[in-house]
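Content type PDB, C-alpha atoms, pLDDT in the B column, from the file structure_36.pdb:
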ATOM      1  CA  MET A 750     -11.021  -4.133  -6.018  1.00 95.00           C
ATOM      2  CA  THR A 751     -10.866  -7.871  -5.451  1.00 97.00           C
ATOM      3  CA  LEU A 752      -8.369  -9.632  -3.210  1.00 98.00           C
ATOM      4  CA  CYS A 753      -8.110 -13.341  -3.825  1.00 97.00           C
ATOM      5  CA  ASP A 754      -6.266 -15.696  -1.446  1.00 98.00           C
ATOM      6  CA  LEU A 755      -3.340 -13.385  -0.670  1.00 98.00           C
ATOM      7  CA  HIS A 756      -0.258 -14.856   0.997  1.00 98.00           C
ATOM      8  CA  ALA A 757       2.748 -12.707   1.888  1.00 97.00           C
ATOM      9  CA  GLY A 758       5.320 -12.195   4.596  1.00 95.00           C
ATOM     10  CA  TYR A 759       8.843 -11.188   5.499  1.00 94.00           C
ATOM     11  CA  GLY A 760      11.796 -13.490   5.012  1.00 89.00           C
ATOM     12  CA  GLY A 761      10.649 -16.968   5.902  1.00 85.00           C
ATOM     13  CA  ALA A 762       7.740 -15.804   8.053  1.00 93.00           C
ATOM     14  CA  THR A 763       4.292 -15.774   6.439  1.00 96.00           C
ATOM     15  CA  VAL A 764       2.030 -12.976   7.753  1.00 97.00           C
ATOM     16  CA  LEU A 765      -0.950 -13.122   5.375  1.00 98.00           C
ATOM     17  CA  HIS A 766      -2.622 -16.520   5.214  1.00 97.00           C
ATOM     18  CA  GLY A 767      -5.137 -16.441   2.393  1.00 97.00           C
ATOM     19  CA  VAL A 768      -6.768 -12.999   2.632  1.00 98.00           C
ATOM     20  CA  SER A 769      -9.754 -12.553   0.312  1.00 98.00           C
ATOM     21  CA  GLY A 770     -12.321  -9.775   0.007  1.00 97.00           C
ATOM     22  CA  HIS A 771     -13.957  -7.233  -2.253  1.00 97.00           C
ATOM     23  CA  LEU A 772     -13.988  -3.436  -2.087  1.00 97.00           C
ATOM     24  CA  ALA A 773     -16.922  -1.822  -3.886  1.00 95.00           C
ATOM     25  CA  PRO A 774     -16.524   1.543  -5.628  1.00 93.00           C
ATOM     26  CA  GLY A 775     -17.105   4.484  -3.320  1.00 94.00           C
ATOM     27  CA  GLU A 776     -17.157   2.599  -0.019  1.00 97.00           C
ATOM     28  CA  ILE A 777     -15.020   2.772   3.106  1.00 98.00           C
ATOM     29  CA  VAL A 778     -13.906  -0.530   4.587  1.00 98.00           C
ATOM     30  CA  SER A 779     -12.288  -0.265   8.019  1.00 98.00           C
ATOM     31  CA  LEU A 780      -9.624  -2.922   8.545  1.00 98.00           C
ATOM     32  CA  LEU A 781      -9.474  -3.672  12.254  1.00 98.00           C
ATOM     33  CA  GLY A 782      -7.407  -5.923  14.486  1.00 97.00           C
ATOM     34  CA  ARG A 783      -4.713  -6.000  17.108  1.00 95.00           C
ATOM     35  CA  ASN A 784      -1.133  -4.987  16.398  1.00 93.00           C
ATOM     36  CA  GLY A 785       0.560  -7.802  14.511  1.00 93.00           C
ATOM     37  CA  ALA A 786      -2.636  -9.067  12.901  1.00 96.00           C
ATOM     38  CA  GLY A 787      -1.340  -8.275   9.422  1.00 97.00           C
ATOM     39  CA  ARG A 788      -3.247  -5.096   8.555  1.00 97.00           C
ATOM     40  CA  SER A 789      -0.283  -2.967   7.474  1.00 97.00           C
ATOM     41  CA  THR A 790       1.215  -5.961   5.705  1.00 97.00           C
ATOM     42  CA  LEU A 791      -1.980  -6.300   3.668  1.00 98.00           C
ATOM     43  CA  LEU A 792      -1.824  -2.664   2.551  1.00 98.00           C
ATOM     44  CA  ARG A 793       1.846  -2.998   1.611  1.00 97.00           C
ATOM     45  CA  ALA A 794       1.114  -6.157  -0.366  1.00 97.00           C
ATOM     46  CA  ILE A 795      -1.732  -4.507  -2.293  1.00 97.00           C
ATOM     47  CA  MET A 796       0.528  -1.552  -3.093  1.00 97.00           C
ATOM     48  CA  GLY A 797       3.307  -3.758  -4.433  1.00 96.00           C
ATOM     49  CA  LEU A 798       5.743  -2.870  -1.658  1.00 96.00           C
ATOM     50  CA  LEU A 799       5.756  -6.470  -0.455  1.00 96.00           C
ATOM     51  CA  PRO A 800       5.731  -9.373  -2.926  1.00 95.00           C
ATOM     52  CA  LEU A 801       2.938 -11.916  -2.774  1.00 96.00           C
ATOM     53  CA  SER A 802       3.880 -15.558  -2.504  1.00 96.00           C
ATOM     54  CA  ALA A 803       0.385 -16.436  -3.777  1.00 96.00           C
ATOM     55  CA  GLY A 804      -2.881 -14.742  -4.676  1.00 97.00           C
ATOM     56  CA  GLN A 805      -4.253 -12.035  -6.935  1.00 97.00           C
ATOM     57  CA  VAL A 806      -5.224  -8.366  -6.623  1.00 97.00           C
ATOM     58  CA  VAL A 807      -7.500  -7.013  -9.352  1.00 96.00           C
ATOM     59  CA  TRP A 808      -8.864  -3.485  -9.708  1.00 92.00           C
ATOM     60  CA  HIS A 809     -11.559  -2.607 -12.245  1.00 89.00           C
ATOM     61  CA  ASP A 810     -11.649   1.105 -12.971  1.00 80.00           C
ATOM     62  CA  GLY A 811     -14.971   0.952 -14.844  1.00 77.00           C
ATOM     63  CA  ARG A 812     -13.269   0.424 -18.200  1.00 80.00           C
ATOM     64  CA  THR A 813     -10.378  -1.962 -17.666  1.00 84.00           C
ATOM     65  CA  ALA A 814      -9.509  -4.717 -15.217  1.00 89.00           C
ATOM     66  CA  HIS A 815      -5.992  -4.166 -13.858  1.00 89.00           C
ATOM     67  CA  ALA A 816      -4.028  -7.081 -12.410  1.00 94.00           C
ATOM     68  CA  LEU A 817      -2.045  -5.343  -9.677  1.00 94.00           C
ATOM     69  CA  HIS A 818      -0.224  -8.374  -8.255  1.00 93.00           C
ATOM     70  CA  GLY A 819       3.348  -8.649  -9.468  1.00 93.00           C
ATOM     71  CA  GLN A 820       3.457  -4.996 -10.570  1.00 95.00           C
ATOM     72  CA  PRO A 821       5.909  -2.454  -9.106  1.00 95.00           C
ATOM     73  CA  ALA A 822       4.426   0.181  -6.828  1.00 94.00           C
ATOM     74  CA  PHE A 823       4.732   3.021  -9.356  1.00 93.00           C
ATOM     75  CA  ARG A 824       2.638   1.121 -11.913  1.00 93.00           C
ATOM     76  CA  ILE A 825       0.025   0.334  -9.269  1.00 95.00           C
ATOM     77  CA  ALA A 826      -0.113   4.033  -8.395  1.00 93.00           C
ATOM     78  CA  ARG A 827      -0.647   4.875 -12.076  1.00 91.00           C
ATOM     79  CA  CYS A 828      -3.657   2.532 -12.101  1.00 91.00           C
ATOM     80  CA  GLY A 829      -5.279   4.856  -9.566  1.00 91.00           C
ATOM     81  CA  ILE A 830      -4.254   3.375  -6.221  1.00 95.00           C
ATOM     82  CA  GLY A 831      -3.075   5.813  -3.529  1.00 95.00           C
ATOM     83  CA  TYR A 832      -1.263   4.924  -0.323  1.00 97.00           C
ATOM     84  CA  VAL A 833      -0.776   6.816   2.931  1.00 96.00           C
ATOM     85  CA  PRO A 834       1.666   4.799   5.058  1.00 94.00           C
ATOM     86  CA  GLU A 835       1.716   4.855   8.832  1.00 91.00           C
ATOM     87  CA  SER A 836       5.244   6.298   8.643  1.00 90.00           C
ATOM     88  CA  ARG A 837       3.914   9.199   6.462  1.00 91.00           C
ATOM     89  CA  ASP A 838       7.138   9.179   4.380  1.00 92.00           C
ATOM     90  CA  VAL A 839       7.184  12.861   3.491  1.00 95.00           C
ATOM     91  CA  PHE A 840      10.356  14.175   1.827  1.00 95.00           C
ATOM     92  CA  PRO A 841      11.877  16.053   4.778  1.00 96.00           C
ATOM     93  CA  ARG A 842      14.194  18.407   2.867  1.00 96.00           C
ATOM     94  CA  LEU A 843      11.566  19.421   0.331  1.00 97.00           C
ATOM     95  CA  SER A 844       9.020  22.102   1.049  1.00 97.00           C
ATOM     96  CA  VAL A 845       5.360  21.368   1.663  1.00 97.00           C
ATOM     97  CA  ARG A 846       4.663  22.814  -1.789  1.00 96.00           C
ATOM     98  CA  HIS A 847       7.111  20.468  -3.509  1.00 97.00           C
ATOM     99  CA  ASN A 848       5.836  17.446  -1.571  1.00 96.00           C
ATOM    100  CA  LEU A 849       2.374  18.235  -2.897  1.00 96.00           C
ATOM    101  CA  LEU A 850       3.688  18.685  -6.444  1.00 93.00           C
ATOM    102  CA  LEU A 851       5.276  15.246  -6.252  1.00 92.00           C
ATOM    103  CA  GLY A 852       1.839  13.791  -5.543  1.00 90.00           C
ATOM    104  CA  GLU A 853       0.417  14.912  -8.872  1.00 86.00           C
ATOM    105  CA  PRO A 854      -0.368  12.095 -11.331  1.00 78.00           C
ATOM    106  CA  VAL A 855       2.368  11.060 -13.755  1.00 74.00           C
ATOM    107  CA  GLY A 856       1.520   8.841 -16.693  1.00 65.00           C
ATOM    108  CA  ARG A 857      -2.168   8.966 -15.753  1.00 60.00           C
ATOM    109  CA  ARG A 858      -4.577  11.644 -16.872  1.00 54.00           C
ATOM    110  CA  ALA A 859      -6.488  13.322 -14.041  1.00 52.00           C
ATOM    111  CA  ARG A 860     -10.233  13.547 -14.570  1.00 59.00           C
ATOM    112  CA  PRO A 861     -11.754  16.846 -15.638  1.00 59.00           C
ATOM    113  CA  PRO A 862     -12.869  18.551 -13.514  1.00 66.00           C
ATOM    114  CA  GLU A 863     -10.114  17.834 -11.059  1.00 78.00           C
ATOM    115  CA  ARG A 864     -11.477  16.165  -7.913  1.00 86.00           C
ATOM    116  CA  TRP A 865      -8.754  17.386  -5.576  1.00 89.00           C
ATOM    117  CA  PRO A 866      -7.452  20.773  -6.728  1.00 89.00           C
ATOM    118  CA  LEU A 867      -4.653  22.155  -4.613  1.00 91.00           C
ATOM    119  CA  GLU A 868      -6.811  25.077  -3.478  1.00 92.00           C
ATOM    120  CA  HIS A 869      -9.429  22.698  -2.092  1.00 89.00           C
ATOM    121  CA  LEU A 870      -6.876  20.654  -0.179  1.00 91.00           C
ATOM    122  CA  LEU A 871      -5.270  23.771   1.282  1.00 93.00           C
ATOM    123  CA  SER A 872      -8.681  24.992   2.403  1.00 91.00           C
ATOM    124  CA  ARG A 873      -9.252  21.642   4.129  1.00 87.00           C
ATOM    125  CA  PHE A 874      -5.827  21.787   5.791  1.00 88.00           C
ATOM    126  CA  PRO A 875      -5.098  25.495   6.340  1.00 90.00           C
ATOM    127  CA  VAL A 876      -1.950  24.687   8.313  1.00 90.00           C
ATOM    128  CA  LEU A 877      -0.416  23.472   5.032  1.00 94.00           C
ATOM    129  CA  ALA A 878      -1.404  26.689   3.279  1.00 95.00           C
ATOM    130  CA  GLN A 879       0.436  28.624   5.978  1.00 94.00           C
ATOM    131  CA  ARG A 880       3.584  26.514   5.600  1.00 95.00           C
ATOM    132  CA  LEU A 881       3.880  25.933   1.873  1.00 96.00           C
ATOM    133  CA  ASP A 882       7.527  26.991   1.782  1.00 96.00           C
ATOM    134  CA  THR A 883       8.499  25.192   4.998  1.00 97.00           C
ATOM    135  CA  PRO A 884      10.621  22.031   4.774  1.00 97.00           C
ATOM    136  CA  ALA A 885       8.377  19.060   5.505  1.00 97.00           C
ATOM    137  CA  GLY A 886      10.885  17.651   7.966  1.00 95.00           C
ATOM    138  CA  VAL A 887      10.247  20.437  10.493  1.00 96.00           C
ATOM    139  CA  LEU A 888       6.469  19.939  10.542  1.00 94.00           C
ATOM    140  CA  SER A 889       4.849  18.355  13.565  1.00 90.00           C
ATOM    141  CA  GLY A 890       3.670  14.759  13.320  1.00 88.00           C
ATOM    142  CA  GLY A 891       0.097  15.897  12.820  1.00 87.00           C
ATOM    143  CA  GLU A 892       1.092  18.350  10.103  1.00 91.00           C
ATOM    144  CA  GLN A 893       3.086  15.653   8.325  1.00 93.00           C
ATOM    145  CA  GLN A 894       0.011  13.419   8.432  1.00 91.00           C
ATOM    146  CA  MET A 895      -2.074  16.148   6.804  1.00 91.00           C
ATOM    147  CA  LEU A 896       0.627  16.522   4.164  1.00 95.00           C
ATOM    148  CA  ALA A 897       0.758  12.773   3.473  1.00 95.00           C
ATOM    149  CA  LEU A 898      -3.021  12.655   3.013  1.00 95.00           C
ATOM    150  CA  ALA A 899      -3.082  15.733   0.780  1.00 95.00           C
ATOM    151  CA  ARG A 900      -0.166  14.450  -1.313  1.00 95.00           C
ATOM    152  CA  ALA A 901      -1.931  11.120  -1.896  1.00 95.00           C
ATOM    153  CA  LEU A 902      -5.125  12.883  -2.975  1.00 95.00           C
ATOM    154  CA  ARG A 903      -3.207  15.056  -5.445  1.00 93.00           C
ATOM    155  CA  GLY A 904      -2.636  11.809  -7.358  1.00 92.00           C
ATOM    156  CA  ASP A 905      -6.416  11.602  -7.940  1.00 92.00           C
ATOM    157  CA  PRO A 906      -6.759   8.008  -6.680  1.00 94.00           C
ATOM    158  CA  ASP A 907      -9.754   5.758  -7.249  1.00 93.00           C
ATOM    159  CA  VAL A 908      -8.697   3.644  -4.266  1.00 96.00           C
ATOM    160  CA  LEU A 909      -6.924   5.023  -1.192  1.00 98.00           C
ATOM    161  CA  LEU A 910      -5.111   2.759   1.260  1.00 98.00           C
ATOM    162  CA  VAL A 911      -4.734   4.628   4.557  1.00 98.00           C
ATOM    163  CA  ASP A 912      -2.695   3.259   7.467  1.00 97.00           C
ATOM    164  CA  GLU A 913      -3.346   4.700  10.952  1.00 95.00           C
ATOM    165  CA  PRO A 914      -4.069   8.294   9.857  1.00 94.00           C
ATOM    166  CA  THR A 915      -4.963   9.540  13.357  1.00 92.00           C
ATOM    167  CA  GLU A 916      -2.109   7.998  15.326  1.00 88.00           C
ATOM    168  CA  GLY A 917      -0.624  10.614  17.638  1.00 81.00           C
ATOM    169  CA  LEU A 918      -2.943  13.395  16.449  1.00 85.00           C
ATOM    170  CA  ALA A 919      -4.649  15.969  18.664  1.00 85.00           C
ATOM    171  CA  PRO A 920      -8.454  15.575  18.922  1.00 88.00           C
ATOM    172  CA  ARG A 921      -9.079  18.542  16.612  1.00 85.00           C
ATOM    173  CA  LEU A 922      -6.954  16.990  13.878  1.00 85.00           C
ATOM    174  CA  VAL A 923      -8.635  13.621  14.403  1.00 90.00           C
ATOM    175  CA  ASP A 924     -11.950  15.335  13.668  1.00 90.00           C
ATOM    176  CA  GLU A 925     -10.486  16.883  10.499  1.00 88.00           C
ATOM    177  CA  VAL A 926      -9.242  13.498   9.292  1.00 90.00           C
ATOM    178  CA  GLY A 927     -12.650  11.976  10.010  1.00 93.00           C
ATOM    179  CA  ALA A 928     -14.393  14.702   8.012  1.00 92.00           C
ATOM    180  CA  LEU A 929     -12.041  14.157   5.072  1.00 92.00           C
ATOM    181  CA  LEU A 930     -12.582  10.392   5.139  1.00 95.00           C
ATOM    182  CA  ARG A 931     -16.354  10.903   5.001  1.00 95.00           C
ATOM    183  CA  GLU A 932     -15.922  13.141   1.966  1.00 93.00           C
ATOM    184  CA  LEU A 933     -13.957  10.586  -0.051  1.00 95.00           C
ATOM    185  CA  PRO A 934     -16.860   8.271  -1.043  1.00 96.00           C
ATOM    186  CA  ARG A 935     -18.846  11.293  -2.243  1.00 93.00           C
ATOM    187  CA  GLN A 936     -15.957  11.926  -4.642  1.00 92.00           C
ATOM    188  CA  GLY A 937     -16.056   8.317  -5.846  1.00 92.00           C
ATOM    189  CA  VAL A 938     -12.996   7.182  -3.892  1.00 95.00           C
ATOM    190  CA  THR A 939     -12.875   3.710  -2.356  1.00 97.00           C
ATOM    191  CA  VAL A 940     -11.024   3.579   0.974  1.00 98.00           C
ATOM    192  CA  LEU A 941      -9.361   0.720   2.833  1.00 98.00           C
ATOM    193  CA  LEU A 942      -8.664   2.183   6.260  1.00 98.00           C
ATOM    194  CA  VAL A 943      -6.458   0.801   9.015  1.00 98.00           C
ATOM    195  CA  GLU A 944      -7.460   2.667  12.163  1.00 95.00           C
ATOM    196  CA  GLN A 945      -6.832   1.849  15.816  1.00 91.00           C
ATOM    197  CA  LYS A 946      -9.491   4.249  17.121  1.00 93.00           C
ATOM    198  CA  LEU A 947     -12.482   1.918  17.019  1.00 94.00           C
ATOM    199  CA  THR A 948     -15.066   4.673  17.461  1.00 94.00           C
ATOM    200  CA  LEU A 949     -13.842   6.597  14.420  1.00 96.00           C
ATOM    201  CA  ALA A 950     -13.328   3.457  12.335  1.00 97.00           C
ATOM    202  CA  LEU A 951     -16.927   2.349  12.901  1.00 97.00           C
ATOM    203  CA  GLU A 952     -18.370   5.840  12.383  1.00 97.00           C
ATOM    204  CA  VAL A 953     -16.874   6.332   8.902  1.00 97.00           C
ATOM    205  CA  ALA A 954     -17.075   2.761   7.571  1.00 98.00           C
ATOM    206  CA  HIS A 955     -19.687   1.161   5.361  1.00 98.00           C
ATOM    207  CA  ARG A 956     -18.236  -2.277   6.164  1.00 98.00           C
ATOM    208  CA  CYS A 957     -15.612  -3.695   8.492  1.00 98.00           C
ATOM    209  CA  TRP A 958     -13.058  -6.426   8.158  1.00 98.00           C
ATOM    210  CA  VAL A 959     -11.448  -7.781  11.307  1.00 98.00           C
ATOM    211  CA  MET A 960      -8.071  -9.440  10.897  1.00 98.00           C
ATOM    212  CA  GLY A 961      -6.567 -11.992  13.222  1.00 97.00           C
ATOM    213  CA  ARG A 962      -3.423 -14.038  12.674  1.00 96.00           C
ATOM    214  CA  GLY A 963      -3.195 -12.972   9.061  1.00 97.00           C
ATOM    215  CA  ARG A 964      -6.764 -13.864   8.102  1.00 97.00           C
ATOM    216  CA  ILE A 965     -10.109 -12.072   7.821  1.00 98.00           C
ATOM    217  CA  VAL A 966     -12.057 -13.424  10.800  1.00 98.00           C
ATOM    218  CA  PHE A 967     -15.090 -11.111  10.510  1.00 98.00           C
ATOM    219  CA  GLU A 968     -16.735  -9.202   7.678  1.00 98.00           C
ATOM    220  CA  GLY A 969     -19.870  -7.142   8.138  1.00 98.00           C
ATOM    221  CA  THR A 970     -21.419  -3.778   8.837  1.00 98.00           C
ATOM    222  CA  PRO A 971     -20.320  -1.574  11.738  1.00 98.00           C
ATOM    223  CA  GLU A 972     -23.681  -2.300  13.373  1.00 98.00           C
ATOM    224  CA  ALA A 973     -23.092  -6.050  13.146  1.00 98.00           C
ATOM    225  CA  LEU A 974     -19.636  -5.686  14.683  1.00 98.00           C
ATOM    226  CA  ARG A 975     -20.977  -3.550  17.521  1.00 97.00           C
ATOM    227  CA  ARG A 976     -23.453  -6.329  18.322  1.00 97.00           C
ATOM    228  CA  ASP A 977     -20.878  -9.127  18.136  1.00 97.00           C
ATOM    229  CA  ALA A 978     -19.334  -9.115  21.585  1.00 96.00           C
ATOM    230  CA  ALA A 979     -17.542 -12.417  20.961  1.00 97.00           C
ATOM    231  CA  VAL A 980     -15.601 -11.080  17.952  1.00 97.00           C
ATOM    232  CA  GLN A 981     -14.714  -7.917  19.830  1.00 95.00           C
ATOM    233  CA  ALA A 982     -13.482  -9.860  22.853  1.00 96.00           C
ATOM    234  CA  GLU A 983     -11.446 -12.384  20.874  1.00 96.00           C
ATOM    235  CA  TRP A 984      -9.940 -10.191  18.159  1.00 97.00           C
ATOM    236  CA  LEU A 985     -10.091  -6.526  19.221  1.00 95.00           C
ATOM    237  CA  ALA A 986      -9.944  -6.219  23.004  1.00 90.00           C
ATOM    238  CA  VAL A 987      -6.550  -5.435  24.471  1.00 77.00           C
TER     239      VAL A 987
END
Let me see the structure of the file written as structure tokens.
Amino acid sequence: MTLCDLHAGYGGATVLHGVSGHLAPGEIVSLLGRNGAGRSTLLRAIMGLLPLSAGQVVWHDGRTAHALHGQPAFRIARCGIGYVPESRDVFPRLSVRHNLLLGEPVGRRARPPERWPLEHLLSRFPVLAQRLDTPAGVLSGGEQQMLALARALRGDPDVLLVDEPTEGLAPRLVDEVGALLRELPRQGVTVLLVEQKLTLALEVAHRCWVMGRGRIVFEGTPEALRRDAAVQAEWLAV
């Protein structure tokens, strides 16, 4: 996926000021920065939930180049882009089972063999298997996060945009999310991860982008970021 000079915002306020970058197939890029840096806005803009005022988003699935900018979110999803928002956005009155069914690809053929069969996801998140007939709205925050991740994977994405997947989770669930994230590249999934827990973000990432004031101010390996005390102090330290 290629991002080229993205500009976007809310109302008259511009949040993204020329964001560019490339995501290679099967890599995890951790998108880091302080609150308000524009990380969630970038994910929403890629997903078509926020219109771009300028710039291009292009995804090449190995056969076809897809221009994602200007497309509605459902068409972007059908190109193979999955999204797990920070708000989780499960359907509260529907059961866990039906939330997962809604994640299955529509208008896009899943690859044989299926990369994320329901049985595999339920084995990864046994709490969901135990609560398949429970309304999603009564799940705990951590359980809803597991459901949002599993639902996105049921769509068989090539690219997964994940916003703060461990926020508010118990340490055990954080470990489970970390293990799942590490599995995704082995299944050929590219991940753009917004994660506030710096330790986890650096452990799972192949590369890091640091955002500040709506721009990418650092791009490099986790090792390079660990060594760059100036970038950490200016753009990450609270």
- [ ] Can you work out which one of A:Val980, A:Arg921, A:Ile830, A:Leu781 has the shortest atom-to-atom distance to Leu947 in chain A, counting all atoms listed in the file?
- [x]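 When distances to Leu947 in chain A are compared using all atoms listed in the file, the smallest one comes from A:Leu781.
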- [ ] Please identify all polymer residues within 12 Å of Val807 in chain A, counting only C-alpha atoms, omitting same-chain residues fewer than 4 positions from it, and present them as a ChimeraX atom specification.
- [x] /A:750-755,769-772,795-796,813-820,825,828,830,908
- [ ] May I ask which of the residues A:Glu952, A:Gly891, A:His809, A:Val876 is the closest one to Thr970 in chain A, counting all atoms listed in the file?
- [x] A:Glu952
If we count all atoms listed in the file, what is near Val926 in chain A at a cut-off of 10 Å, once residues fewer than 4 positions away on the same chain are taken out, given as a compact mmCIF listing (two decimals) with C-alpha atoms, in the coordinates of the input?
# COMPACT_ATOMS: atom_id res chain seq x y z
CA ARG A 873 -9.25 21.64 4.13
CA PHE A 874 -5.83 21.79 5.79
CA GLN A 894 0.01 13.42 8.43
CA MET A 895 -2.07 16.15 6.80
CA LEU A 898 -3.02 12.66 3.01
CA PRO A 914 -4.07 8.29 9.86
CA THR A 915 -4.96 9.54 13.36
CA LEU A 918 -2.94 13.40 16.45
CA PRO A 920 -8.45 15.58 18.92
CA ARG A 921 -9.08 18.54 16.61
CA LEU A 922 -6.95 16.99 13.88
CA LEU A 930 -12.58 10.39 5.14
CA ARG A 931 -16.35 10.90 5.00
CA GLU A 932 -15.92 13.14 1.97
CA LEU A 949 -13.84 6.60 14.42
TODO: Run the PyMOL selection byres ((chain A and resi 897) around 9) mentally over the shown coordinates, then write out the matched residues as a PyMOL selection string, using the chain letters and numbers from the document.
DONE: chain A and resi 832-834+837-839+848-849+892-896+898-902
TODO: Compare A:Val845, A:Leu909, A:Leu801, A:Ala794 by their minimum atom-to-atom distance to Val938 in chain A, counting all atoms listed in the file, and give me the closest one.
DONE: A:Leu909
Open item on the list: One decimal, in Å: what's the spacing between CA of Ala979 in chain A and CA of Gln945 in chain A?
Closed with: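 Computed distance, CA of Ala979 in chain A to CA of Gln945 in chain A, equals 18.6 Å.
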Open item on the list: With distances taken over all atoms listed in the file, which residue among A:Arg956, A:Glu835, A:His847, A:Leu780 lies nearest Gly917 in chain A?
Closed with: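 Answer, going by the shortest atom-to-atom distance: A:Glu835.
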Open item on the list: Take the PyMOL selection byres ((chain A and resi 844) around 9), run it mentally on this structure, and tell me the resulting residues as a ChimeraX atom specification.
Closed with: /A:840-843,845-849,880-886
As lines of an AutoDock Vina configuration file: centre and edge lengths in Å, one decimal, of the axis-aligned box holding range 935-943 of chain A with 3 Å per side:
center_x = -12.7
center_y = 6.3
center_z = 1.6
size_x = 18.4
size_y = 17.2
size_z = 20.9
Task: d(CA of Gly804 in chain A, CA of Leu933 in chain A) in Å - done: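 Interatomic distance here is 28.0 Å.
What separates CA of Gln879 in chain A from CA of Gly829 in chain A is a distance of 29.0 Å.
Candidate residues A:Ala786, A:Ala928, A:Leu791, A:Ala803 were compared for distance to Trp984 in chain A, and the nearest is A:Ala786, using only C-alpha atoms.
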Open item on the list: Given the PyMOL selection byres ((chain A and resi 983) around 12) and the file above, list the residues it selects as a PyMOL selection string.
Closed with: chain A and resi 782-783+959-962+966-967+977-982+984-987
Open item on the list: I'd like the neighbourhood of range 904-906 of chain A as a ChimeraX atom specification, where a residue qualifies if any of its atoms comes within 12 Å (using only C-alpha atoms), though same-chain residues fewer than 6 positions away should be ignored.
Closed with: /A:774-775,810,823,825-833,848-867,870,897-898,933-934,936-940
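Minimum distance to Ser789 in chain A across A:Leu942, A:Ser889, A:Ala954, A:Arg903 (counting all atoms listed in the file) occurs at A:Leu942.
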Would you mind putting back all heavy atoms on range 963-967 of chain A, then writing it out as a PDB file, in the coordinates of the input?
ATOM      1  N   GLY A 963      -3.407 -12.996  10.493  1.00 97.00           N
ATOM      2  CA  GLY A 963      -3.195 -12.972   9.061  1.00 97.00           C
ATOM      3  C   GLY A 963      -4.370 -13.408   8.223  1.00 97.00           C
ATOM      4  O   GLY A 963      -4.221 -13.632   7.009  1.00 97.00           O
ATOM      5  N   ARG A 964      -5.563 -13.479   8.830  1.00 97.00           N
ATOM      6  CA  ARG A 964      -6.764 -13.864   8.102  1.00 97.00           C
ATOM      7  C   ARG A 964      -7.893 -12.886   8.411  1.00 97.00           C
ATOM      8  O   ARG A 964      -7.885 -12.235   9.459  1.00 97.00           O
ATOM      9  CB  ARG A 964      -7.214 -15.275   8.481  1.00 97.00           C
ATOM     10  CG  ARG A 964      -6.238 -16.391   8.086  1.00 97.00           C
ATOM     11  CD  ARG A 964      -6.757 -17.755   8.523  1.00 97.00           C
ATOM     12  NE  ARG A 964      -5.942 -18.840   7.980  1.00 97.00           N
ATOM     13  CZ  ARG A 964      -4.843 -19.307   8.569  1.00 97.00           C
ATOM     14  NH1 ARG A 964      -4.441 -18.779   9.719  1.00 97.00           N
ATOM     15  NH2 ARG A 964      -4.162 -20.294   8.011  1.00 97.00           N
ATOM     16  N   ILE A 965      -8.893 -12.817   7.529  1.00 98.00           N
ATOM     17  CA  ILE A 965     -10.109 -12.072   7.821  1.00 98.00           C
ATOM     18  C   ILE A 965     -11.007 -12.977   8.654  1.00 98.00           C
ATOM     19  O   ILE A 965     -11.459 -14.028   8.170  1.00 98.00           O
ATOM     20  CB  ILE A 965     -10.831 -11.636   6.533  1.00 98.00           C
ATOM     21  CG1 ILE A 965      -9.911 -10.791   5.648  1.00 98.00           C
ATOM     22  CG2 ILE A 965     -12.108 -10.863   6.884  1.00 98.00           C
ATOM     23  CD1 ILE A 965      -9.508  -9.466   6.252  1.00 98.00           C
ATOM     24  N   VAL A 966     -11.265 -12.581   9.898  1.00 98.00           N
ATOM     25  CA  VAL A 966     -12.057 -13.424  10.800  1.00 98.00           C
ATOM     26  C   VAL A 966     -13.484 -12.892  10.977  1.00 98.00           C
ATOM     27  O   VAL A 966     -14.321 -13.569  11.573  1.00 98.00           O
ATOM     28  CB  VAL A 966     -11.367 -13.547  12.172  1.00 98.00           C
ATOM     29  CG1 VAL A 966     -10.024 -14.257  12.027  1.00 98.00           C
ATOM     30  CG2 VAL A 966     -11.170 -12.171  12.820  1.00 98.00           C
ATOM     31  N   PHE A 967     -13.743 -11.684  10.466  1.00 98.00           N
ATOM     32  CA  PHE A 967     -15.090 -11.111  10.510  1.00 98.00           C
ATOM     33  C   PHE A 967     -15.231 -10.153   9.350  1.00 98.00           C
ATOM     34  O   PHE A 967     -14.321  -9.383   9.045  1.00 98.00           O
ATOM     35  CB  PHE A 967     -15.336 -10.364  11.823  1.00 98.00           C
ATOM     36  CG  PHE A 967     -16.633  -9.590  11.851  1.00 98.00           C
ATOM     37  CD1 PHE A 967     -17.803 -10.169  12.324  1.00 98.00           C
ATOM     38  CD2 PHE A 967     -16.692  -8.282  11.384  1.00 98.00           C
ATOM     39  CE1 PHE A 967     -19.011  -9.466  12.331  1.00 98.00           C
ATOM     40  CE2 PHE A 967     -17.888  -7.564  11.389  1.00 98.00           C
ATOM     41  CZ  PHE A 967     -19.042  -8.164  11.862  1.00 98.00           C
TER      42      PHE A 967
END
